[in-house]
Every structure is written in structure tokens, then in C-alpha cells.
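Undergrad: Dropping in my_file_5.cif, which is mmCIF, N, CA and C atoms:
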data_work
#
loop_
_atom_site.label_atom_id
_atom_site.label_comp_id
_atom_site.auth_asym_id
_atom_site.auth_seq_id
_atom_site.Cartn_x
_atom_site.Cartn_y
_atom_site.Cartn_z
N THR A 158 -33.35 -6.15 38.76
CA THR A 158 -34.60 -5.44 38.79
C THR A 158 -34.32 -3.96 38.94
N SER A 159 -35.07 -3.16 38.25
CA SER A 159 -34.87 -1.72 38.32
C SER A 159 -36.19 -1.02 38.61
N ALA A 160 -36.10 0.20 39.09
CA ALA A 160 -37.29 0.98 39.43
C ALA A 160 -36.92 2.46 39.37
N TYR A 161 -37.93 3.28 39.43
CA TYR A 161 -37.73 4.73 39.46
C TYR A 161 -38.04 5.24 40.86
N PRO A 162 -37.34 6.28 41.30
CA PRO A 162 -37.66 6.87 42.60
C PRO A 162 -39.07 7.47 42.56
N ASP A 163 -39.66 7.68 43.75
CA ASP A 163 -41.03 8.18 43.79
C ASP A 163 -41.18 9.59 43.25
N ASP A 164 -40.10 10.36 43.20
CA ASP A 164 -40.21 11.72 42.68
C ASP A 164 -39.98 11.81 41.16
N ALA A 165 -39.74 10.68 40.51
CA ALA A 165 -39.54 10.68 39.05
C ALA A 165 -40.89 10.88 38.36
N VAL A 166 -40.90 11.72 37.34
CA VAL A 166 -42.13 12.03 36.62
C VAL A 166 -41.91 11.77 35.14
N PRO A 167 -42.79 10.97 34.51
CA PRO A 167 -42.65 10.75 33.07
C PRO A 167 -43.04 12.01 32.30
N THR A 168 -42.37 12.24 31.19
CA THR A 168 -42.68 13.39 30.34
C THR A 168 -43.12 12.89 28.97
N THR A 169 -43.91 13.69 28.32
CA THR A 169 -44.40 13.35 26.98
C THR A 169 -43.83 14.35 25.99
N ALA A 170 -43.27 13.86 24.90
CA ALA A 170 -42.75 14.73 23.85
C ALA A 170 -43.93 15.44 23.18
N ASP A 171 -43.67 16.58 22.60
CA ASP A 171 -44.71 17.31 21.89
C ASP A 171 -45.19 16.51 20.69
N TYR A 172 -46.48 16.62 20.42
CA TYR A 172 -47.08 15.92 19.28
C TYR A 172 -46.91 16.79 18.04
N THR A 173 -46.34 16.22 17.00
CA THR A 173 -46.07 16.97 15.77
C THR A 173 -47.26 16.97 14.81
N GLY A 174 -48.29 16.18 15.12
CA GLY A 174 -49.44 16.11 14.26
C GLY A 174 -49.38 14.97 13.26
N ARG A 175 -48.29 14.22 13.25
CA ARG A 175 -48.15 13.10 12.33
C ARG A 175 -47.92 11.83 13.12
N GLY A 176 -48.58 10.75 12.69
CA GLY A 176 -48.38 9.45 13.33
C GLY A 176 -49.05 9.36 14.69
N ARG A 177 -48.61 8.37 15.44
CA ARG A 177 -49.17 8.15 16.77
C ARG A 177 -48.70 9.23 17.73
N ARG A 178 -49.54 9.48 18.69
CA ARG A 178 -49.14 10.44 19.73
C ARG A 178 -48.03 9.80 20.57
N PRO A 179 -47.06 10.59 21.02
CA PRO A 179 -45.99 10.03 21.83
C PRO A 179 -46.50 9.57 23.20
N THR A 180 -45.90 8.50 23.68
CA THR A 180 -46.26 7.98 24.99
C THR A 180 -45.35 8.59 26.05
N PRO A 181 -45.85 8.74 27.27
CA PRO A 181 -45.00 9.28 28.34
C PRO A 181 -43.81 8.36 28.61
N LYS A 182 -42.65 8.94 28.82
CA LYS A 182 -41.44 8.18 29.13
C LYS A 182 -40.67 8.93 30.22
N TYR A 183 -39.93 8.16 31.00
CA TYR A 183 -39.09 8.77 32.02
C TYR A 183 -37.82 9.30 31.35
N PRO A 184 -37.42 10.52 31.69
CA PRO A 184 -36.23 11.09 31.04
C PRO A 184 -34.92 10.47 31.53
N ASP A 185 -34.90 9.95 32.74
CA ASP A 185 -33.67 9.37 33.30
C ASP A 185 -33.75 7.85 33.27
N GLU A 186 -32.61 7.22 33.36
CA GLU A 186 -32.53 5.76 33.42
C GLU A 186 -33.01 5.29 34.80
N PRO A 187 -33.62 4.11 34.88
CA PRO A 187 -34.05 3.60 36.19
C PRO A 187 -32.85 3.21 37.05
N LEU A 188 -33.06 3.19 38.35
CA LEU A 188 -32.04 2.77 39.30
C LEU A 188 -32.28 1.32 39.67
N THR A 189 -31.25 0.65 40.13
CA THR A 189 -31.45 -0.71 40.63
C THR A 189 -32.14 -0.62 41.99
N CYS A 190 -32.84 -1.67 42.36
CA CYS A 190 -33.50 -1.69 43.66
C CYS A 190 -32.48 -1.57 44.79
N THR A 191 -31.32 -2.13 44.59
CA THR A 191 -30.25 -2.02 45.60
C THR A 191 -29.87 -0.57 45.82
N ASP A 192 -29.71 0.19 44.73
CA ASP A 192 -29.37 1.61 44.87
C ASP A 192 -30.47 2.39 45.58
N LEU A 193 -31.73 2.09 45.30
CA LEU A 193 -32.84 2.78 45.96
C LEU A 193 -32.88 2.47 47.45
N ILE A 194 -32.62 1.22 47.83
CA ILE A 194 -32.64 0.84 49.24
C ILE A 194 -31.46 1.46 49.98
N ILE A 195 -30.29 1.50 49.35
CA ILE A 195 -29.13 2.14 49.98
C ILE A 195 -29.40 3.62 50.17
N ALA A 196 -30.02 4.27 49.19
CA ALA A 196 -30.34 5.69 49.31
C ALA A 196 -31.37 5.95 50.41
N ALA A 197 -32.28 5.00 50.65
CA ALA A 197 -33.30 5.16 51.69
C ALA A 197 -32.70 5.05 53.09
N GLY A 198 -31.61 4.30 53.23
CA GLY A 198 -30.94 4.19 54.52
C GLY A 198 -31.42 3.00 55.34
N ARG A 199 -30.63 2.68 56.36
CA ARG A 199 -30.93 1.53 57.22
C ARG A 199 -32.17 1.73 58.07
N ASP A 200 -32.55 2.98 58.30
CA ASP A 200 -33.73 3.24 59.15
C ASP A 200 -35.01 2.71 58.53
N ASN A 201 -35.04 2.50 57.22
CA ASN A 201 -36.24 2.00 56.54
C ASN A 201 -36.30 0.48 56.50
N CYS A 202 -35.27 -0.21 56.94
CA CYS A 202 -35.27 -1.68 56.93
C CYS A 202 -35.86 -2.22 58.22
N ARG A 203 -36.63 -3.30 58.11
CA ARG A 203 -37.22 -3.94 59.27
C ARG A 203 -36.99 -5.45 59.19
N GLN A 204 -36.71 -6.05 60.34
CA GLN A 204 -36.60 -7.50 60.44
C GLN A 204 -38.00 -8.05 60.63
N ILE A 205 -38.44 -8.91 59.73
CA ILE A 205 -39.80 -9.46 59.76
C ILE A 205 -39.71 -10.98 59.88
N THR A 206 -40.46 -11.55 60.81
CA THR A 206 -40.60 -12.99 60.92
C THR A 206 -41.97 -13.35 60.36
N TRP A 207 -41.98 -14.17 59.32
CA TRP A 207 -43.26 -14.47 58.69
C TRP A 207 -43.85 -15.81 59.12
N ARG A 208 -43.04 -16.72 59.67
CA ARG A 208 -43.60 -17.95 60.23
C ARG A 208 -42.51 -18.71 60.96
N HIS A 209 -42.92 -19.76 61.67
CA HIS A 209 -41.99 -20.64 62.34
C HIS A 209 -41.85 -21.90 61.51
N GLY A 210 -40.62 -22.29 61.25
CA GLY A 210 -40.35 -23.48 60.44
C GLY A 210 -40.44 -24.76 61.26
N SER A 211 -40.03 -25.85 60.66
CA SER A 211 -40.15 -27.16 61.31
C SER A 211 -38.81 -27.73 61.76
N LYS A 212 -37.71 -27.05 61.49
CA LYS A 212 -36.39 -27.58 61.84
C LYS A 212 -35.61 -26.59 62.70
N PRO A 213 -35.77 -26.67 64.02
CA PRO A 213 -35.00 -25.78 64.89
C PRO A 213 -33.52 -26.16 64.90
N SER A 214 -32.70 -25.20 65.24
CA SER A 214 -31.26 -25.43 65.35
C SER A 214 -30.77 -24.70 66.59
N PRO A 215 -29.52 -24.98 67.03
CA PRO A 215 -29.01 -24.26 68.21
C PRO A 215 -28.98 -22.74 68.00
N ALA A 216 -28.70 -22.31 66.78
CA ALA A 216 -28.65 -20.87 66.49
C ALA A 216 -30.05 -20.28 66.35
N ASN A 217 -31.04 -21.10 66.01
CA ASN A 217 -32.42 -20.64 65.80
C ASN A 217 -33.37 -21.65 66.45
N PRO A 218 -33.50 -21.64 67.79
CA PRO A 218 -34.28 -22.67 68.48
C PRO A 218 -35.78 -22.65 68.14
N ASP A 219 -36.32 -21.51 67.73
CA ASP A 219 -37.74 -21.44 67.37
C ASP A 219 -37.97 -21.70 65.89
N ALA A 220 -36.92 -21.91 65.13
CA ALA A 220 -36.99 -22.15 63.68
C ALA A 220 -37.73 -21.03 62.96
N GLU A 221 -37.48 -19.79 63.40
CA GLU A 221 -38.15 -18.65 62.78
C GLU A 221 -37.63 -18.42 61.36
N LEU A 222 -38.54 -18.18 60.45
CA LEU A 222 -38.18 -17.79 59.09
C LEU A 222 -38.35 -16.29 59.01
N SER A 223 -37.26 -15.59 58.80
CA SER A 223 -37.31 -14.14 58.81
C SER A 223 -36.32 -13.56 57.82
N GLY A 224 -36.44 -12.29 57.61
CA GLY A 224 -35.53 -11.57 56.71
C GLY A 224 -35.70 -10.09 56.90
N GLN A 225 -34.80 -9.34 56.26
CA GLN A 225 -34.89 -7.88 56.32
C GLN A 225 -35.62 -7.38 55.11
N PHE A 226 -36.57 -6.49 55.33
CA PHE A 226 -37.39 -5.94 54.26
C PHE A 226 -37.38 -4.42 54.34
N SER A 227 -37.60 -3.81 53.21
CA SER A 227 -37.69 -2.36 53.14
C SER A 227 -38.86 -1.99 52.24
N VAL A 228 -39.67 -1.05 52.69
CA VAL A 228 -40.79 -0.56 51.88
C VAL A 228 -40.42 0.80 51.38
N LEU A 229 -40.43 0.95 50.08
CA LEU A 229 -40.14 2.23 49.46
C LEU A 229 -41.42 2.74 48.81
N THR A 230 -41.80 3.97 49.15
CA THR A 230 -43.01 4.53 48.56
C THR A 230 -42.69 5.73 47.74
#
Show me this structure written as C-alpha cells.
TA:
Amino acid sequence: TSAYPDDAVPTTADYTGRGRRPTPKYPDEPLTCTDLIIAAGRDNCRQITWRHGSKPSPANPDAELSGQFSVLT
């Protein structure tokens, strides 16, 4: 999966008067989501528990289902 950073701005080529008008395009290639998250840093990651599961274990006695998430704006 790829995405553009929030400061990326699409540009439109000049219209020559012939054919369809050009559509806006990003001048740079998109980055992978991994690259964007690494660039944002660990401070933007949060451990989120979204529910309790049905199979507890010694390592997870509450059977919490959780993961690390990052919101990039």
C-alpha cells in the first residue's frame, strides 16, 4: 500500500487547448505506508485494545486483543 505525505500537492499541467484538460497529478512517487510511519516516529504509535477475546493464556490472562496503531494526518 502506498500513500502521499500530507504536504504533497498535486499539480496540473498547462492546457494546450487541444483534447481533454489535464488532470491533477502528484509530481513525486508515493511512499509506502511503512516509510511514512517510520518518518513519523515512535511517538505517534499507540497501543490500542479493541476488545477482550475468549481464550486467555498465561501471557495474556485477560485475552485482550490489541495492536499498535499510528494515525497520520
Undergrad: Using all atoms listed in the file, which of A:Ala160, A:Thr168, A:Thr173, A:His209 sits nearest A:Thr189?
TA: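 Closest to A:Thr189 of all the choices is A:Ala160.
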Undergrad: Find the distance between atom CA of A:Asp200 and atom CA of A:Asn217 and write it in Å to one decimal.
TA: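 Here the two named atoms are 24.8 Å from each other.
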Undergrad: If I take atom C of A:Ser227 and atom C of A:Arg208, how far is one from the other in Å, to one decimal?
TA: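 So the answer is 19.2 Å.
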Undergrad: Nearest to A:Thr158 among A:Leu188, A:Val228, A:Ala170, A:Ala216, with distances taken over only C-alpha atoms: which residue is it?
TA: A:Leu188
Undergrad: For A:Asp163, which of A:Gly224, A:Pro215, A:Pro187, A:Pro181 is the closest residue, counting only C-alpha atoms?
TA: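 Of all the options, A:Pro187 lies closest to A:Asp163.
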Undergrad: Which value, in Å to one decimal, gives the distance between atom N of A:Trp207 and atom CA of A:Ser223?
TA: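 For atom N of A:Trp207 relative to atom CA of A:Ser223, the distance reads 4.7 Å.
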Undergrad: So that I can check the surroundings of A:Gly210, please list as a ChimeraX atom specification every protein, DNA and RNA residue that reaches within 12 Å of it, counting only C-alpha atoms and ignoring chain neighbours fewer than 4 positions away.
TA: /A:206,214,217-223
Undergrad: From the set A:Phe226, A:Gly176, A:Pro162, A:Pro167, which residue has the shortest atom-to-atom contact distance to A:Cys202, counting all atoms listed in the file?
TA: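 With all atoms listed in the file as the atom set, the closest residue is A:Phe226.
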Undergrad: Based on DSSP run over this structure's backbone, return all residues of stretch 159-206 of chain A in helix (DSSP H, G or I), as a ChimeraX atom specification.
TA: /A:190-197,199-201
Undergrad: Give the strand (DSSP E or B) residues of chain A, as DSSP finds them on the backbone, and put them as a PyMOL selection string.
TA: chain A and resi 159-160+168+182+188-189+202-209+221-227
Undergrad: Please determine, counting all atoms listed in the file, which residue among A:Gln225, A:Asp164, A:Ser159, A:Thr230 has the shortest atom-to-atom distance to A:Thr191.
TA: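 Selected residue with least distance to A:Thr191: A:Ser159.
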Undergrad: Can you pull out the residues contacting A:Ala197? Cut-off 8 Å, using only C-alpha atoms, and skip same-chain residues under 4 positions away; I want them as a PyMOL selection string.
TA: chain A and resi 193+201+229
Undergrad: Would you fill out stretch 186-197 of chain A with all heavy atoms and return it as a short mmCIF file (atom, residue, chain, number, x, y, z; two decimals), in the frame of the given file?
TA:
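Result file is part_11.cif:
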data_model
loop_
_atom_site.label_atom_id
_atom_site.label_comp_id
_atom_site.auth_asym_id
_atom_site.auth_seq_id
_atom_site.Cartn_x
_atom_site.Cartn_y
_atom_site.Cartn_z
N GLU A 186 -32.61 7.22 33.36
CA GLU A 186 -32.53 5.76 33.42
C GLU A 186 -33.01 5.29 34.80
O GLU A 186 -32.82 5.98 35.80
CB GLU A 186 -31.09 5.29 33.20
CG GLU A 186 -30.59 5.49 31.79
CD GLU A 186 -31.35 4.65 30.79
OE1 GLU A 186 -31.61 3.46 31.08
OE2 GLU A 186 -31.72 5.18 29.74
N PRO A 187 -33.62 4.11 34.88
CA PRO A 187 -34.05 3.60 36.19
C PRO A 187 -32.85 3.21 37.05
O PRO A 187 -31.76 2.95 36.54
CB PRO A 187 -34.88 2.38 35.83
CG PRO A 187 -34.39 1.95 34.50
CD PRO A 187 -33.95 3.20 33.79
N LEU A 188 -33.06 3.19 38.35
CA LEU A 188 -32.04 2.77 39.30
C LEU A 188 -32.28 1.32 39.67
O LEU A 188 -33.40 0.82 39.57
CB LEU A 188 -32.09 3.64 40.55
CG LEU A 188 -31.85 5.12 40.35
CD1 LEU A 188 -32.14 5.87 41.64
CD2 LEU A 188 -30.44 5.38 39.89
N THR A 189 -31.25 0.65 40.13
CA THR A 189 -31.45 -0.71 40.63
C THR A 189 -32.14 -0.62 41.99
O THR A 189 -32.04 0.39 42.69
CB THR A 189 -30.11 -1.47 40.78
OG1 THR A 189 -29.33 -0.82 41.79
CG2 THR A 189 -29.35 -1.52 39.47
N CYS A 190 -32.84 -1.67 42.36
CA CYS A 190 -33.50 -1.69 43.66
C CYS A 190 -32.48 -1.57 44.79
O CYS A 190 -32.75 -0.93 45.81
CB CYS A 190 -34.34 -2.95 43.80
SG CYS A 190 -35.77 -2.96 42.73
N THR A 191 -31.32 -2.13 44.59
CA THR A 191 -30.25 -2.02 45.60
C THR A 191 -29.87 -0.57 45.82
O THR A 191 -29.74 -0.12 46.96
CB THR A 191 -29.01 -2.83 45.15
OG1 THR A 191 -29.40 -4.18 44.95
CG2 THR A 191 -27.91 -2.75 46.18
N ASP A 192 -29.71 0.19 44.73
CA ASP A 192 -29.37 1.61 44.87
C ASP A 192 -30.47 2.39 45.58
O ASP A 192 -30.19 3.28 46.40
CB ASP A 192 -29.11 2.23 43.49
CG ASP A 192 -27.84 1.71 42.84
OD1 ASP A 192 -26.96 1.21 43.58
OD2 ASP A 192 -27.74 1.79 41.60
N LEU A 193 -31.73 2.09 45.30
CA LEU A 193 -32.84 2.78 45.96
C LEU A 193 -32.88 2.47 47.45
O LEU A 193 -33.12 3.36 48.27
CB LEU A 193 -34.17 2.39 45.31
CG LEU A 193 -34.40 2.94 43.90
CD1 LEU A 193 -35.64 2.31 43.30
CD2 LEU A 193 -34.53 4.45 43.93
N ILE A 194 -32.62 1.22 47.83
CA ILE A 194 -32.64 0.84 49.24
C ILE A 194 -31.46 1.46 49.98
O ILE A 194 -31.61 1.95 51.10
CB ILE A 194 -32.66 -0.69 49.39
CG1 ILE A 194 -34.01 -1.21 48.92
CG2 ILE A 194 -32.38 -1.12 50.81
CD1 ILE A 194 -34.11 -2.70 48.81
N ILE A 195 -30.29 1.50 49.35
CA ILE A 195 -29.13 2.14 49.98
C ILE A 195 -29.40 3.62 50.17
O ILE A 195 -29.08 4.20 51.21
CB ILE A 195 -27.86 1.89 49.14
CG1 ILE A 195 -27.44 0.43 49.26
CG2 ILE A 195 -26.73 2.82 49.58
CD1 ILE A 195 -26.33 0.03 48.32
N ALA A 196 -30.02 4.27 49.19
CA ALA A 196 -30.34 5.69 49.31
C ALA A 196 -31.37 5.95 50.41
O ALA A 196 -31.34 6.99 51.08
CB ALA A 196 -30.85 6.23 47.98
N ALA A 197 -32.28 5.00 50.65
CA ALA A 197 -33.30 5.16 51.69
C ALA A 197 -32.70 5.05 53.09
O ALA A 197 -33.22 5.63 54.03
CB ALA A 197 -34.39 4.12 51.51
#
